[in-house]
>>> print(open('upload_2.pdb').read())   # PDB, C-alpha atoms, pLDDT in the B column
ATOM      1  CA  MET A   3       4.629  19.780   2.362  1.00 97.00           C
ATOM      2  CA  LYS A   4       8.257  20.265   1.341  1.00 98.00           C
ATOM      3  CA  PHE A   5      10.825  17.542   2.050  1.00 98.00           C
ATOM      4  CA  PHE A   6      14.331  18.688   3.008  1.00 98.00           C
ATOM      5  CA  ILE A   7      17.176  16.329   3.877  1.00 98.00           C
ATOM      6  CA  ASP A   8      19.262  17.172   6.935  1.00 97.00           C
ATOM      7  CA  THR A   9      22.781  16.128   6.037  1.00 96.00           C
ATOM      8  CA  ALA A  10      26.046  17.170   4.445  1.00 96.00           C
ATOM      9  CA  ASN A  11      26.556  13.773   2.808  1.00 97.00           C
ATOM     10  CA  LEU A  12      26.605  14.314  -0.952  1.00 97.00           C
ATOM     11  CA  ALA A  13      25.717  10.708  -1.783  1.00 97.00           C
ATOM     12  CA  GLN A  14      22.611  10.816   0.413  1.00 97.00           C
ATOM     13  CA  ILE A  15      21.594  14.188  -1.011  1.00 98.00           C
ATOM     14  CA  LYS A  16      21.927  12.811  -4.545  1.00 97.00           C
ATOM     15  CA  GLU A  17      19.922   9.691  -3.620  1.00 97.00           C
ATOM     16  CA  ALA A  18      17.119  11.846  -2.213  1.00 97.00           C
ATOM     17  CA  GLN A  19      17.244  14.113  -5.273  1.00 97.00           C
ATOM     18  CA  ASP A  20      17.082  11.112  -7.611  1.00 96.00           C
ATOM     19  CA  LEU A  21      14.044   9.833  -5.703  1.00 96.00           C
ATOM     20  CA  GLY A  22      12.201  12.858  -7.059  1.00 96.00           C
ATOM     21  CA  VAL A  23      10.756  14.201  -3.804  1.00 96.00           C
ATOM     22  CA  LEU A  24      13.551  16.434  -2.498  1.00 97.00           C
ATOM     23  CA  ASP A  25      12.835  20.156  -2.115  1.00 98.00           C
ATOM     24  CA  GLY A  26      15.954  21.326  -0.286  1.00 98.00           C
ATOM     25  CA  VAL A  27      18.780  20.675   2.169  1.00 98.00           C
ATOM     26  CA  THR A  28      19.614  21.777   5.701  1.00 97.00           C
ATOM     27  CA  THR A  29      23.112  21.540   7.127  1.00 93.00           C
ATOM     28  CA  ASN A  30      25.003  22.655  10.216  1.00 88.00           C
ATOM     29  CA  PRO A  31      28.583  22.604  11.534  1.00 86.00           C
ATOM     30  CA  SER A  32      28.027  19.239  13.254  1.00 88.00           C
ATOM     31  CA  LEU A  33      26.887  17.634  10.009  1.00 92.00           C
ATOM     32  CA  MET A  34      29.846  19.124   8.155  1.00 93.00           C
ATOM     33  CA  ALA A  35      32.230  17.754  10.777  1.00 92.00           C
ATOM     34  CA  LYS A  36      30.571  14.333  10.523  1.00 92.00           C
ATOM     35  CA  GLU A  37      31.554  14.255   6.849  1.00 94.00           C
ATOM     36  CA  GLY A  38      35.111  15.343   7.649  1.00 94.00           C
ATOM     37  CA  ILE A  39      34.642  18.789   6.132  1.00 94.00           C
ATOM     38  CA  SER A  40      36.814  21.369   7.904  1.00 89.00           C
ATOM     39  CA  GLY A  41      38.438  24.648   7.004  1.00 91.00           C
ATOM     40  CA  GLU A  42      36.616  27.689   5.654  1.00 89.00           C
ATOM     41  CA  GLN A  43      37.346  27.104   1.969  1.00 93.00           C
ATOM     42  CA  ASN A  44      36.474  23.400   2.157  1.00 94.00           C
ATOM     43  CA  VAL A  45      33.144  24.241   3.796  1.00 94.00           C
ATOM     44  CA  ILE A  46      32.411  26.833   1.103  1.00 94.00           C
ATOM     45  CA  ASN A  47      33.268  24.362  -1.646  1.00 95.00           C
ATOM     46  CA  HIS A  48      30.997  21.768  -0.028  1.00 96.00           C
ATOM     47  CA  TYR A  49      28.062  24.187   0.031  1.00 96.00           C
ATOM     48  CA  LYS A  50      28.652  24.867  -3.661  1.00 96.00           C
ATOM     49  CA  ALA A  51      28.688  21.136  -4.374  1.00 97.00           C
ATOM     50  CA  ILE A  52      25.361  20.702  -2.558  1.00 97.00           C
ATOM     51  CA  CYS A  53      23.833  23.559  -4.548  1.00 97.00           C
ATOM     52  CA  GLU A  54      24.871  21.849  -7.781  1.00 97.00           C
ATOM     53  CA  ILE A  55      22.879  18.737  -6.822  1.00 97.00           C
ATOM     54  CA  VAL A  56      19.597  20.187  -5.565  1.00 97.00           C
ATOM     55  CA  ASP A  57      17.065  22.532  -7.121  1.00 95.00           C
ATOM     56  CA  GLY A  58      15.711  24.062  -3.891  1.00 97.00           C
ATOM     57  CA  ASP A  59      16.910  25.983  -0.871  1.00 98.00           C
ATOM     58  CA  VAL A  60      20.107  25.028   0.972  1.00 98.00           C
ATOM     59  CA  SER A  61      20.429  26.231   4.565  1.00 98.00           C
ATOM     60  CA  ALA A  62      23.988  27.222   5.489  1.00 97.00           C
ATOM     61  CA  GLU A  63      24.614  28.047   9.136  1.00 96.00           C
ATOM     62  CA  VAL A  64      26.656  30.942  10.488  1.00 96.00           C
ATOM     63  CA  ILE A  65      29.153  30.251  13.260  1.00 94.00           C
ATOM     64  CA  SER A  66      29.243  33.757  14.750  1.00 96.00           C
ATOM     65  CA  THR A  67      27.015  34.812  17.641  1.00 97.00           C
ATOM     66  CA  ASP A  68      27.424  38.620  17.568  1.00 98.00           C
ATOM     67  CA  PHE A  69      25.443  40.836  15.219  1.00 98.00           C
ATOM     68  CA  GLU A  70      28.299  42.282  13.171  1.00 98.00           C
ATOM     69  CA  ASN A  71      29.922  38.957  12.426  1.00 98.00           C
ATOM     70  CA  ILE A  72      26.621  37.173  11.800  1.00 98.00           C
ATOM     71  CA  ILE A  73      25.945  39.805   9.121  1.00 98.00           C
ATOM     72  CA  LYS A  74      29.419  39.512   7.639  1.00 98.00           C
ATOM     73  CA  GLU A  75      29.327  35.737   7.548  1.00 97.00           C
ATOM     74  CA  GLY A  76      25.717  35.562   6.344  1.00 98.00           C
ATOM     75  CA  GLU A  77      26.264  37.977   3.456  1.00 98.00           C
ATOM     76  CA  ALA A  78      29.289  35.944   2.334  1.00 97.00           C
ATOM     77  CA  LEU A  79      27.241  32.730   2.411  1.00 97.00           C
ATOM     78  CA  ALA A  80      24.343  34.316   0.518  1.00 98.00           C
ATOM     79  CA  LYS A  81      26.707  35.333  -2.288  1.00 97.00           C
ATOM     80  CA  LEU A  82      27.727  31.709  -2.917  1.00 97.00           C
ATOM     81  CA  ASP A  83      24.471  30.785  -4.669  1.00 97.00           C
ATOM     82  CA  ASP A  84      20.896  32.039  -4.991  1.00 97.00           C
ATOM     83  CA  LYS A  85      19.758  28.792  -3.308  1.00 98.00           C
ATOM     84  CA  ILE A  86      21.577  29.577  -0.064  1.00 98.00           C
ATOM     85  CA  VAL A  87      19.436  30.317   2.998  1.00 98.00           C
ATOM     86  CA  VAL A  88      21.382  31.832   5.892  1.00 98.00           C
ATOM     87  CA  LYS A  89      20.745  29.821   9.042  1.00 98.00           C
ATOM     88  CA  VAL A  90      20.820  32.052  12.146  1.00 98.00           C
ATOM     89  CA  PRO A  91      20.604  30.939  15.806  1.00 97.00           C
ATOM     90  CA  MET A  92      17.687  31.930  18.049  1.00 98.00           C
ATOM     91  CA  ILE A  93      19.537  34.516  20.131  1.00 98.00           C
ATOM     92  CA  LYS A  94      19.118  38.275  20.595  1.00 98.00           C
ATOM     93  CA  ASP A  95      21.710  39.234  17.994  1.00 98.00           C
ATOM     94  CA  GLY A  96      20.278  36.539  15.745  1.00 98.00           C
ATOM     95  CA  ILE A  97      16.871  38.241  15.787  1.00 98.00           C
ATOM     96  CA  LYS A  98      18.510  41.564  14.917  1.00 98.00           C
ATOM     97  CA  ALA A  99      20.346  39.835  12.064  1.00 98.00           C
ATOM     98  CA  LEU A 100      17.121  38.269  10.777  1.00 98.00           C
ATOM     99  CA  LYS A 101      15.595  41.717  10.513  1.00 98.00           C
ATOM    100  CA  TYR A 102      18.647  43.030   8.667  1.00 98.00           C
ATOM    101  CA  PHE A 103      18.766  40.117   6.231  1.00 98.00           C
ATOM    102  CA  SER A 104      15.035  40.431   5.595  1.00 98.00           C
ATOM    103  CA  SER A 105      15.469  44.091   4.671  1.00 98.00           C
ATOM    104  CA  LYS A 106      18.173  43.078   2.177  1.00 97.00           C
ATOM    105  CA  GLY A 107      16.139  40.297   0.569  1.00 97.00           C
ATOM    106  CA  ILE A 108      18.383  37.540   1.933  1.00 98.00           C
ATOM    107  CA  LYS A 109      16.565  34.302   2.802  1.00 98.00           C
ATOM    108  CA  THR A 110      16.964  33.096   6.395  1.00 98.00           C
ATOM    109  CA  ASN A 111      16.300  30.103   8.606  1.00 98.00           C
ATOM    110  CA  CYS A 112      16.045  30.698  12.362  1.00 98.00           C
ATOM    111  CA  THR A 113      17.398  27.572  14.029  1.00 97.00           C
ATOM    112  CA  LEU A 114      17.337  26.044  17.527  1.00 97.00           C
ATOM    113  CA  VAL A 115      13.732  27.057  18.182  1.00 98.00           C
ATOM    114  CA  PHE A 116      12.075  25.301  21.128  1.00 98.00           C
ATOM    115  CA  THR A 117       9.128  27.554  22.056  1.00 98.00           C
ATOM    116  CA  ALA A 118       6.256  29.251  20.262  1.00 98.00           C
ATOM    117  CA  GLY A 119       7.471  32.582  21.636  1.00 98.00           C
ATOM    118  CA  GLN A 120      10.831  32.135  19.932  1.00 98.00           C
ATOM    119  CA  ALA A 121       9.063  31.293  16.662  1.00 98.00           C
ATOM    120  CA  LEU A 122       6.899  34.397  16.994  1.00 98.00           C
ATOM    121  CA  LEU A 123       9.957  36.622  17.420  1.00 98.00           C
ATOM    122  CA  ALA A 124      11.607  35.075  14.381  1.00 98.00           C
ATOM    123  CA  ALA A 125       8.482  35.607  12.272  1.00 98.00           C
ATOM    124  CA  LYS A 126       8.191  39.245  13.361  1.00 98.00           C
ATOM    125  CA  ALA A 127      11.835  39.747  12.390  1.00 98.00           C
ATOM    126  CA  GLY A 128      11.055  38.447   8.900  1.00 98.00           C
ATOM    127  CA  ALA A 129      12.597  34.965   8.913  1.00 98.00           C
ATOM    128  CA  THR A 130      11.924  32.936   5.776  1.00 98.00           C
ATOM    129  CA  TYR A 131      11.896  29.720   7.798  1.00 98.00           C
ATOM    130  CA  VAL A 132      11.686  28.929  11.498  1.00 98.00           C
ATOM    131  CA  SER A 133      13.065  25.580  12.677  1.00 98.00           C
ATOM    132  CA  PRO A 134      11.444  24.033  15.782  1.00 98.00           C
ATOM    133  CA  PHE A 135      13.441  20.962  16.873  1.00 97.00           C
ATOM    134  CA  ILE A 136      10.738  18.440  17.675  1.00 97.00           C
ATOM    135  CA  GLY A 137      12.962  15.376  18.072  1.00 96.00           C
ATOM    136  CA  ARG A 138      15.096  17.024  20.719  1.00 95.00           C
ATOM    137  CA  LEU A 139      11.958  18.009  22.628  1.00 96.00           C
ATOM    138  CA  ASP A 140      10.757  14.408  22.497  1.00 94.00           C
ATOM    139  CA  ASP A 141      14.152  13.401  23.913  1.00 94.00           C
ATOM    140  CA  ILE A 142      13.358  15.305  27.131  1.00 95.00           C
ATOM    141  CA  SER A 143       9.827  13.911  27.377  1.00 94.00           C
ATOM    142  CA  THR A 144       8.149  16.965  25.835  1.00 94.00           C
ATOM    143  CA  ASP A 145       5.676  16.649  22.956  1.00 95.00           C
ATOM    144  CA  GLY A 146       7.445  18.179  19.986  1.00 96.00           C
ATOM    145  CA  LEU A 147       4.396  17.983  17.746  1.00 97.00           C
ATOM    146  CA  SER A 148       2.405  20.183  20.145  1.00 97.00           C
ATOM    147  CA  LEU A 149       4.958  22.933  19.493  1.00 98.00           C
ATOM    148  CA  ILE A 150       4.271  22.663  15.756  1.00 98.00           C
ATOM    149  CA  GLU A 151       0.549  23.000  16.498  1.00 98.00           C
ATOM    150  CA  ASP A 152       1.096  26.138  18.592  1.00 98.00           C
ATOM    151  CA  ILE A 153       3.285  27.798  15.966  1.00 98.00           C
ATOM    152  CA  ARG A 154       0.852  26.935  13.155  1.00 98.00           C
ATOM    153  CA  LEU A 155      -2.023  28.501  15.132  1.00 98.00           C
ATOM    154  CA  ILE A 156      -0.084  31.697  15.866  1.00 98.00           C
ATOM    155  CA  PHE A 157       1.195  32.125  12.309  1.00 98.00           C
ATOM    156  CA  ASP A 158      -2.286  31.540  10.889  1.00 98.00           C
ATOM    157  CA  ASN A 159      -3.830  33.979  13.380  1.00 98.00           C
ATOM    158  CA  TYR A 160      -1.697  36.841  12.101  1.00 97.00           C
ATOM    159  CA  GLY A 161      -0.894  35.832   8.544  1.00 98.00           C
ATOM    160  CA  TYR A 162       2.854  35.422   9.004  1.00 98.00           C
ATOM    161  CA  GLU A 163       4.502  34.190   5.807  1.00 97.00           C
ATOM    162  CA  THR A 164       7.390  32.556   7.693  1.00 98.00           C
ATOM    163  CA  GLN A 165       7.432  28.849   6.883  1.00 98.00           C
ATOM    164  CA  ILE A 166       7.444  26.261   9.665  1.00 98.00           C
ATOM    165  CA  LEU A 167      10.395  23.969   9.009  1.00 98.00           C
ATOM    166  CA  ALA A 168       9.976  21.008  11.365  1.00 98.00           C
ATOM    167  CA  ALA A 169      13.508  19.962  12.282  1.00 97.00           C
ATOM    168  CA  SER A 170      15.095  17.133  14.231  1.00 95.00           C
ATOM    169  CA  ILE A 171      12.718  14.737  12.488  1.00 96.00           C
ATOM    170  CA  ARG A 172      13.509  11.166  13.484  1.00 95.00           C
ATOM    171  CA  ASN A 173      10.936   8.884  11.837  1.00 95.00           C
ATOM    172  CA  SER A 174       7.833   8.557   9.667  1.00 95.00           C
ATOM    173  CA  THR A 175       5.554   9.230  12.656  1.00 95.00           C
ATOM    174  CA  HIS A 176       7.137  12.658  13.039  1.00 97.00           C
ATOM    175  CA  ILE A 177       6.727  13.363   9.317  1.00 98.00           C
ATOM    176  CA  LEU A 178       3.065  12.361   9.208  1.00 97.00           C
ATOM    177  CA  GLY A 179       2.295  14.223  12.432  1.00 98.00           C
ATOM    178  CA  CYS A 180       3.798  17.406  11.008  1.00 98.00           C
ATOM    179  CA  ALA A 181       1.918  16.911   7.735  1.00 98.00           C
ATOM    180  CA  LYS A 182      -1.403  16.569   9.588  1.00 98.00           C
ATOM    181  CA  ILE A 183      -0.742  19.746  11.575  1.00 98.00           C
ATOM    182  CA  GLY A 184       0.321  21.697   8.511  1.00 98.00           C
ATOM    183  CA  ALA A 185       4.069  22.222   8.854  1.00 98.00           C
ATOM    184  CA  ASP A 186       5.327  23.768   5.622  1.00 98.00           C
ATOM    185  CA  VAL A 187       8.560  21.775   5.555  1.00 98.00           C
ATOM    186  CA  MET A 188      10.132  18.770   7.239  1.00 98.00           C
ATOM    187  CA  THR A 189      13.846  18.129   7.432  1.00 98.00           C
ATOM    188  CA  GLY A 190      15.379  14.894   8.543  1.00 97.00           C
ATOM    189  CA  PRO A 191      17.753  12.104   7.573  1.00 96.00           C
ATOM    190  CA  LEU A 192      17.310  10.070   4.409  1.00 96.00           C
ATOM    191  CA  SER A 193      16.267   7.101   6.572  1.00 95.00           C
ATOM    192  CA  ALA A 194      13.216   9.001   7.840  1.00 96.00           C
ATOM    193  CA  ILE A 195      12.101   9.851   4.308  1.00 96.00           C
ATOM    194  CA  LEU A 196      12.620   6.289   3.079  1.00 96.00           C
ATOM    195  CA  SER A 197      10.708   4.920   6.069  1.00 95.00           C
ATOM    196  CA  LEU A 198       7.526   6.287   4.450  1.00 96.00           C
ATOM    197  CA  LEU A 199       7.943   3.608   1.775  1.00 94.00           C
ATOM    198  CA  LYS A 200       7.692   0.700   4.178  1.00 90.00           C
ATOM    199  CA  HIS A 201       4.731  -1.465   5.127  1.00 90.00           C
ATOM    200  CA  PRO A 202       4.772  -5.242   5.627  1.00 89.00           C
ATOM    201  CA  LEU A 203       1.607  -5.707   3.577  1.00 93.00           C
ATOM    202  CA  THR A 204       3.246  -3.914   0.652  1.00 92.00           C
ATOM    203  CA  ASP A 205       6.217  -6.288   0.870  1.00 88.00           C
ATOM    204  CA  SER A 206       4.097  -9.442   1.228  1.00 90.00           C
ATOM    205  CA  GLY A 207       1.691  -8.301  -1.483  1.00 92.00           C
ATOM    206  CA  LEU A 208       4.480  -7.676  -3.941  1.00 90.00           C
ATOM    207  CA  ALA A 209       6.069 -11.034  -3.126  1.00 89.00           C
ATOM    208  CA  GLN A 210       2.737 -12.752  -3.817  1.00 90.00           C
ATOM    209  CA  PHE A 211       2.239 -10.892  -7.095  1.00 88.00           C
ATOM    210  CA  LEU A 212       5.704 -11.902  -8.281  1.00 90.00           C
ATOM    211  CA  ALA A 213       5.191 -15.510  -7.214  1.00 90.00           C
ATOM    212  CA  ASP A 214       1.855 -15.688  -9.054  1.00 86.00           C
ATOM    213  CA  HIS A 215       3.447 -14.144 -12.158  1.00 87.00           C
ATOM    214  CA  ALA A 216       6.262 -16.713 -12.054  1.00 86.00           C
ATOM    215  CA  LYS A 217       3.736 -19.562 -11.875  1.00 85.00           C
ATOM    216  CA  ALA A 218       1.729 -18.148 -14.754  1.00 85.00           C
ATOM    217  CA  ALA A 219       4.841 -17.623 -16.863  1.00 83.00           C
ATOM    218  CA  GLY A 220       5.870 -21.214 -16.282  1.00 76.00           C
ATOM    219  CA  LYS A 221       2.684 -22.625 -17.756  1.00 57.00           C
TER     220      LYS A 221
END
>>> encode(input="upload_2.pdb", output="structure tokens")
Amino acid sequence: MKFFIDTANLAQIKEAQDLGVLDGVTTNPSLMAKEGISGEQNVINHYKAICEIVDGDVSAEVISTDFENIIKEGEALAKLDDKIVVKVPMIKDGIKALKYFSSKGIKTNCTLVFTAGQALLAAKAGATYVSPFIGRLDDISTDGLSLIEDIRLIFDNYGYETQILAASIRNSTHILGCAKIGADVMTGPLSAILSLLKHPLTDSGLAQFLADHAKAAGK
């Protein structure tokens, strides 16, 4: 299972990279705005900075919603770095754009997916990744993990190579649930990844080991 971090914060991306488990980055306009990144050139420069930190794919989202401008914007993003994956919204013109990008060998990530039918369309159009937002489904009292199960079953039934990128991950329970189902990728905040480290017995065990070592050293 690949671990992506969902942020535009360079310090957090570097921390995740230094941890040794990071496989890529996903970003969006909201995350850019959260970091105070605005203006076309500043956004471009920020994507380049992210690509310099990580070794894997970096999803960069288009703003346009019509086919012609999605293509124009996506091709410009793809030229920034070989690591760039063009993130396209799950809309009619987005599906058309996915097909176009696929034919040109440009990697894509279909975002804002909330049903198995949407994921199926994205896979048929040749998306590299499909991003079901499980946390947002949980927010409206719908089981997000069941969506991952449905998509995994459909993709396996027909041999689709599109990778399931479980998005809107909130915690370690989400990560482990996706891993059990067989999601190819998870993307979430650094806090969700670091939460996998934690267990009270680990903390108490380590404290006891250190205390015993200190006693032994004092003899």
>>> resolve_selection(input="upload_2.pdb", expression="the PyMOL selection byres ((chain A and resi 129) around 6)", output="MDAnalysis selection string")
chainID A and resid 100 110 124:125 127:128 130:131 164
>>> resolve_selection(input="upload_2.pdb", expression="the PyMOL selection byres ((chain A and resi 68) around 10)", output="PyMOL selection string")
chain A and resi 65-67+69-73+93-96+98-99
>>> closest_residue(input="upload_2.pdb", among="A:Ile52, A:Leu12, A:Ala35, A:Val64", to="Leu192 (chain A)", atoms="only C-alpha atoms")
A:Leu12
>>> atom_distance(input="upload_2.pdb", atom1="CA of Ser174 (chain A)", atom2="CA of Lys109 (chain A)")
28.0 Å
>>> atom_distance(input="upload_2.pdb", atom1="CA of Ile150 (chain A)", atom2="CA of Ile177 (chain A)")
11.6 Å
>>> atom_distance(input="upload_2.pdb", atom1="CA of Phe5 (chain A)", atom2="CA of Gly26 (chain A)")
6.8 Å
>>> closest_residue(input="upload_2.pdb", among="A:Ser197, A:Asn173, A:Thr117, A:Ser206", to="Glu151 (chain A)", atoms="all atoms listed in the file")
A:Thr117
>>> residues_around(input="upload_2.pdb", residues="Lys81 (chain A)", least_positions_apart="5", cutoff="10 Å", atoms="all atoms listed in the file", output="list of chain:residue names")
A:Gly76, A:Ile86, A:Ile108
>>> resolve_selection(input="upload_2.pdb", expression="the PyMOL selection byres ((chain A and resi 59) around 9)", output="PyMOL selection string")
chain A and resi 6+25-28+53+56-58+60-61+84-87
>>> residues_around(input="upload_2.pdb", residues="Ala118 (chain A)", least_positions_apart="4", cutoff="10 Å", atoms="all atoms listed in the file", output="list in words")
Leu122, Leu123, Ala124, Pro134, Ser148, Leu149, Ile150, Glu151, Asp152, Ile153, Arg154, Leu155, Ile156 and Phe157 of chain A
>>> closest_residue(input="upload_2.pdb", among="A:Gln210, A:Ser104, A:Asn30, A:Asn44", to="Pro91 (chain A)", atoms="only C-alpha atoms")
A:Asn30
